[in-house]
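So the structure is just underneath, and the comments pick up after that.
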Amino acid sequence: MSIAPLTAPGKPNMPTRLRPSRREGLNITYKLKDLGVGCTDIARTLNVHHSNICKVVSGQRRSKRIESEIARVLGKASWNDVVLEAQSEIYKKPVELILLERKQSAETAIKSSKKRMKDYIERDISSSDSKARGKLNRMAAGL
């Protein structure tokens with residue numbers, strides 16, 4: 001089962017890759033060890049140093065290749081599924097609630113960004129410039 005991909009704010013075609021916190025990283029490491037797989041085993045498979053694996057798991061670094069290998073080992077469809085499951089176990093919330101909270105947070109950030117942009121444009125446009133005022137009104141209608 002794959003969880004619906006999150007999209008980066010302002011970038012509708014680019015999914016957001018989640019970065020685990022330290023506690024979430026410890027949970028992921030625990031799951032790997034429970035399967036009998038360590039950072040060194042994954043490092044050997046990918047031909048990288050084991051510290052790179054540990055840094056990705058703890059959220060200090062990013063690597064699509066390492067993240068996808070960890071997801072594959074854990075039997076998940078994507079890295080986001082791994083991180084969301086770790087968040088769910090740590091914070092004792094269902095994954096659906098975590099996704100809803102993230103979506104609401106992103107929507108709030110987008111709305112505030114649009115409002116700041118509108119306020120900025122309003123300050124810079126003189127009231128006599130009707131063409132610019134019309135453009136502002138069309139943009140405001142999209143809010």
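Going through the structure tokens in order, the chains are called A, B, and so on, while each chain numbers its residues from 1 and the ligands are numbered from 1 in the order shown.
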
12 Å contact set for A:Ala43, only C-alpha atoms, chain neighbours under 2 positions out, as JSON, numbers by chain
{"A": [37, 38, 39, 40, 41, 45, 46, 47, 48, 49, 50, 51, 52, 53, 54, 55, 56, 65, 66, 67, 69, 70]}

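Summary of the local environment: counting only C-alpha atoms, residues at most 8 Å from A:Ser68, other than itself and those fewer than 4 positions away along its chain, are A:Lys64, A:Arg72, A:Ser78, A:Trp79.
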
Same residues, all heavy atoms, saved as a compact mmCIF listing (two decimals), in the first residue's frame:
```txt
# COMPACT_ATOMS: atom_id res chain seq x y z
N LYS A 64 18.50 10.17 -2.91
CA LYS A 64 17.37 9.41 -3.44
C LYS A 64 17.71 7.92 -3.53
O LYS A 64 16.87 7.07 -3.25
CB LYS A 64 17.00 9.93 -4.83
CG LYS A 64 16.29 11.24 -4.82
CD LYS A 64 15.89 11.64 -6.23
CE LYS A 64 15.22 12.99 -6.22
NZ LYS A 64 14.84 13.41 -7.57
N ARG A 72 12.95 -0.06 -0.11
CA ARG A 72 12.83 -1.39 -0.71
C ARG A 72 13.07 -2.48 0.33
O ARG A 72 12.33 -3.45 0.43
CB ARG A 72 13.82 -1.55 -1.87
CG ARG A 72 13.65 -2.84 -2.64
CD ARG A 72 14.81 -3.12 -3.57
NE ARG A 72 16.07 -3.35 -2.84
CZ ARG A 72 16.38 -4.48 -2.19
NH1 ARG A 72 15.54 -5.49 -2.15
NH2 ARG A 72 17.54 -4.61 -1.58
N SER A 78 7.78 3.84 -1.10
CA SER A 78 8.60 5.05 -1.23
C SER A 78 9.19 5.43 0.13
O SER A 78 8.78 4.93 1.18
CB SER A 78 7.77 6.21 -1.76
OG SER A 78 6.86 6.65 -0.77
N TRP A 79 10.16 6.33 0.08
CA TRP A 79 10.80 6.85 1.30
C TRP A 79 9.77 7.56 2.16
O TRP A 79 9.81 7.46 3.39
CB TRP A 79 11.94 7.78 0.91
CG TRP A 79 12.60 8.45 2.06
CD1 TRP A 79 12.54 9.77 2.37
CD2 TRP A 79 13.42 7.85 3.08
NE1 TRP A 79 13.27 10.04 3.50
CE2 TRP A 79 13.82 8.88 3.95
CE3 TRP A 79 13.84 6.55 3.32
CZ2 TRP A 79 14.63 8.64 5.06
CZ3 TRP A 79 14.65 6.32 4.43
CH2 TRP A 79 15.03 7.35 5.28
```

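If you look at atom CA of A:Glu85 and atom CA of A:Thr16, they are 15.8 Å away from each other.
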
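You will find atom CA of A:Ala86 at 16.3 Å from atom CA of A:Gln60.
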
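The residue that comes closest to A:Tyr30, out of A:Glu89, A:Glu101, A:Asn80, A:Ser63 and on the basis of only C-alpha atoms, is A:Glu89.
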
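Of note, atom CA of A:Lys92 and atom CA of A:Ser105 are spaced 19.3 Å apart.
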
Which residues come within 12 Å of A:Val82, counting only C-alpha atoms, excluding same-chain residues fewer than 3 positions away, as a PDB file with C-alpha atoms, in the first residue's frame?
```pdb
ATOM      1  CA  MET A   1       0.000   0.000   0.000  1.00  0.00           C
ATOM      2  CA  SER A   2       1.415   3.347  -1.012  1.00  0.00           C
ATOM      3  CA  ILE A   3       0.507   6.581   0.667  1.00  0.00           C
ATOM      4  CA  ARG A  17      10.739  13.993   0.056  1.00  0.00           C
ATOM      5  CA  LEU A  18      10.297  13.899   3.793  1.00  0.00           C
ATOM      6  CA  ARG A  19      13.275  14.321   6.090  1.00  0.00           C
ATOM      7  CA  PRO A  20      13.098  12.223   9.265  1.00  0.00           C
ATOM      8  CA  GLU A  24      12.104   8.941  13.482  1.00  0.00           C
ATOM      9  CA  GLY A  25      15.565   7.898  12.284  1.00  0.00           C
ATOM     10  CA  ASN A  27      12.663   4.119  14.635  1.00  0.00           C
ATOM     11  CA  ILE A  28      13.742   3.384  11.051  1.00  0.00           C
ATOM     12  CA  THR A  29      17.056   1.970  12.288  1.00  0.00           C
ATOM     13  CA  LYS A  31      12.960  -1.580  11.949  1.00  0.00           C
ATOM     14  CA  LEU A  32      16.018  -2.348   9.826  1.00  0.00           C
ATOM     15  CA  VAL A  57      18.348   7.703   8.119  1.00  0.00           C
ATOM     16  CA  GLU A  67      16.322   6.412   0.532  1.00  0.00           C
ATOM     17  CA  SER A  68      14.821   4.177  -2.156  1.00  0.00           C
ATOM     18  CA  GLU A  69      17.039   1.239  -1.120  1.00  0.00           C
ATOM     19  CA  ILE A  70      15.964   1.578   2.520  1.00  0.00           C
ATOM     20  CA  ALA A  71      12.307   1.737   1.416  1.00  0.00           C
ATOM     21  CA  ARG A  72      12.827  -1.391  -0.710  1.00  0.00           C
ATOM     22  CA  VAL A  73      14.453  -3.287   2.183  1.00  0.00           C
ATOM     23  CA  LEU A  74      11.583  -2.315   4.491  1.00  0.00           C
ATOM     24  CA  GLY A  75       9.020  -3.330   1.857  1.00  0.00           C
ATOM     25  CA  LYS A  76       7.610   0.156   1.308  1.00  0.00           C
ATOM     26  CA  ALA A  77       6.745   1.821  -1.983  1.00  0.00           C
ATOM     27  CA  SER A  78       8.601   5.050  -1.226  1.00  0.00           C
ATOM     28  CA  TRP A  79      10.798   6.848   1.296  1.00  0.00           C
ATOM     29  CA  GLU A  85       5.075   5.229   9.265  1.00  0.00           C
ATOM     30  CA  ALA A  86       7.878   6.180  11.674  1.00  0.00           C
ATOM     31  CA  GLN A  87       6.052   9.430  12.518  1.00  0.00           C
ATOM     32  CA  SER A  88       2.845   7.496  13.048  1.00  0.00           C
ATOM     33  CA  GLU A  89       4.503   5.107  15.498  1.00  0.00           C
ATOM     34  CA  VAL A  95      -0.873   8.281   8.991  1.00  0.00           C
TER      35      VAL A  95
END
```

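Nearest-residue note for A:Ile98: choosing from A:Ile42, A:Arg138, A:Leu84, A:Asp34, the minimum distance belongs to A:Leu84, counting only C-alpha atoms.
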